[in-house]
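See structure below.
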Amino acid sequence: MQRQESGVLALFKHLDEFATAARLVQNKSGFDGHQVYSYASYHELMDVAESAYGPSPVRWLTLMGSLVGCSVGFLMPTLMDYDWPLVVGGKTAGLNSAIPNVIFMFELFVLFGALATIFGMLWFGGLANPRARIFDPRLTDDHFAIYVPGVLMDSEQSRYLRSLGALELKAV
């Protein structure tokens with residue numbers, strides 16, 4: 001069994017105070033290994049994460065999946081048209097009758113892009129941990145938190161978190 005490290009959990013109620021606190025403790029000494037908890041995704045928090053970890057590589061998988069889907073959506077019906085020509089309006093098989101394939105290209109563009117995005121999120125983000133520790137039940141409802149491991153309640157880090165607007169500090 002994995003040993004749980006003790007630390008301090010700072011609870012925040014409002015997003016703006018929490019985003020400011022997350023941005024300030026990001027590079028501050030004494031907050032090594034801190035974790036940020038939010039019940040939902042917000043752009044303000046994504047900006048903080050992007051400044052710490054860089055832009056997400058999932059967007060490149062989405063682009064590649066979409067381009068592959070668009071290519072497959074063009075090539076598949078075009079090549080099928082050579083084997084089973086469906087002459088409509090006197091157009092010959094192949095590239096001359098590619099205009100109706102645009103709908104199919106768009107559909108596979110969206111499908112392959114979405115599948116690549118889901119795969120990328122699971123690959124880079126990892127699957128959810130069913131044994132993850134929930135420090136406070138309010139974190140799944142309407143509160144935000146910053147967890148700092150290896151810190152005591154009467155430390156400088158705790159006082160700093162309280163000065164940033166933490167509603168409550170808990171020793172965990």
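Starting from 1 in every chain, residues are counted up; chains themselves are A, B, ... following the order of the structure tokens, and ligands are numbered from 1 as listed.
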Considering only C-alpha atoms, tabulate each residue of range 83-169 of chain A that lies at most 10 Å from range 57-67 of chain A along with its nearest interatomic pair and the corresponding distance in Å to one decimal; arrange the rows by chain and ascending residue number and present them as a Markdown table.
```
| residue | atom | partner | partner_atom | distance |
| --- | --- | --- | --- | --- |
| A:Met105 | CA | A:Leu67 | CA | 9.7 |
| A:Phe106 | CA | A:Ser66 | CA | 9.1 |
| A:Glu107 | CA | A:Ser66 | CA | 9.9 |
| A:Leu108 | CA | A:Ser66 | CA | 7.6 |
| A:Phe109 | CA | A:Ser66 | CA | 4.6 |
| A:Val110 | CA | A:Ser66 | CA | 6.3 |
| A:Leu111 | CA | A:Ser66 | CA | 7.7 |
| A:Phe112 | CA | A:Gly65 | CA | 5.0 |
| A:Gly113 | CA | A:Ser66 | CA | 4.1 |
| A:Ala114 | CA | A:Thr62 | CA | 6.9 |
| A:Leu115 | CA | A:Gly65 | CA | 7.5 |
| A:Ala116 | CA | A:Gly65 | CA | 5.3 |
| A:Thr117 | CA | A:Thr62 | CA | 5.0 |
| A:Ile118 | CA | A:Thr62 | CA | 8.8 |
| A:Phe119 | CA | A:Leu61 | CA | 8.5 |
| A:Gly120 | CA | A:Val58 | CA | 5.1 |
| A:Met121 | CA | A:Val58 | CA | 6.4 |
| A:Leu122 | CA | A:Val58 | CA | 9.6 |
| A:Trp123 | CA | A:Val58 | CA | 8.9 |
| A:Phe124 | CA | A:Val58 | CA | 7.5 |
| A:Gly125 | CA | A:Val58 | CA | 9.4 |
```
Kindly provide the residues of range 56-172 of chain A that approach range 39-52 of chain A to within 9 Å, each paired with its closest atom pair and their distance in Å to one decimal, based on only C-alpha atoms, listed by chain and increasing number, as JSON lines.
```
{"residue": "A:Ser56", "atom": "CA", "partner": "A:Glu50", "partner_atom": "CA", "distance": 7.4}
{"residue": "A:Arg138", "atom": "CA", "partner": "A:Tyr39", "partner_atom": "CA", "distance": 8.9}
{"residue": "A:Leu139", "atom": "CA", "partner": "A:Tyr39", "partner_atom": "CA", "distance": 6.0}
{"residue": "A:Thr140", "atom": "CA", "partner": "A:Tyr39", "partner_atom": "CA", "distance": 5.1}
{"residue": "A:Asp141", "atom": "CA", "partner": "A:Tyr39", "partner_atom": "CA", "distance": 6.3}
{"residue": "A:Asp142", "atom": "CA", "partner": "A:Tyr39", "partner_atom": "CA", "distance": 6.8}
{"residue": "A:His143", "atom": "CA", "partner": "A:Tyr39", "partner_atom": "CA", "distance": 7.1}
{"residue": "A:Phe144", "atom": "CA", "partner": "A:Tyr39", "partner_atom": "CA", "distance": 7.0}
```
**OP:** Per DSSP on the backbone, filter chain A down to the residues in strand (DSSP E or B) and report them as JSON, numbers by chain.
**Re:** {"A": [7, 8, 9, 10, 11, 12, 35, 36, 37, 144, 145, 146, 147, 148, 149, 168, 169, 170, 171]}
Original post:
DSSP on the backbone: what in range 4-168 of chain A comes out helix (DSSP H, G or I), as a ChimeraX atom specification?
Top reply: /A:15-25,43-53,58-83,95-97,101-125,137-140,156-163
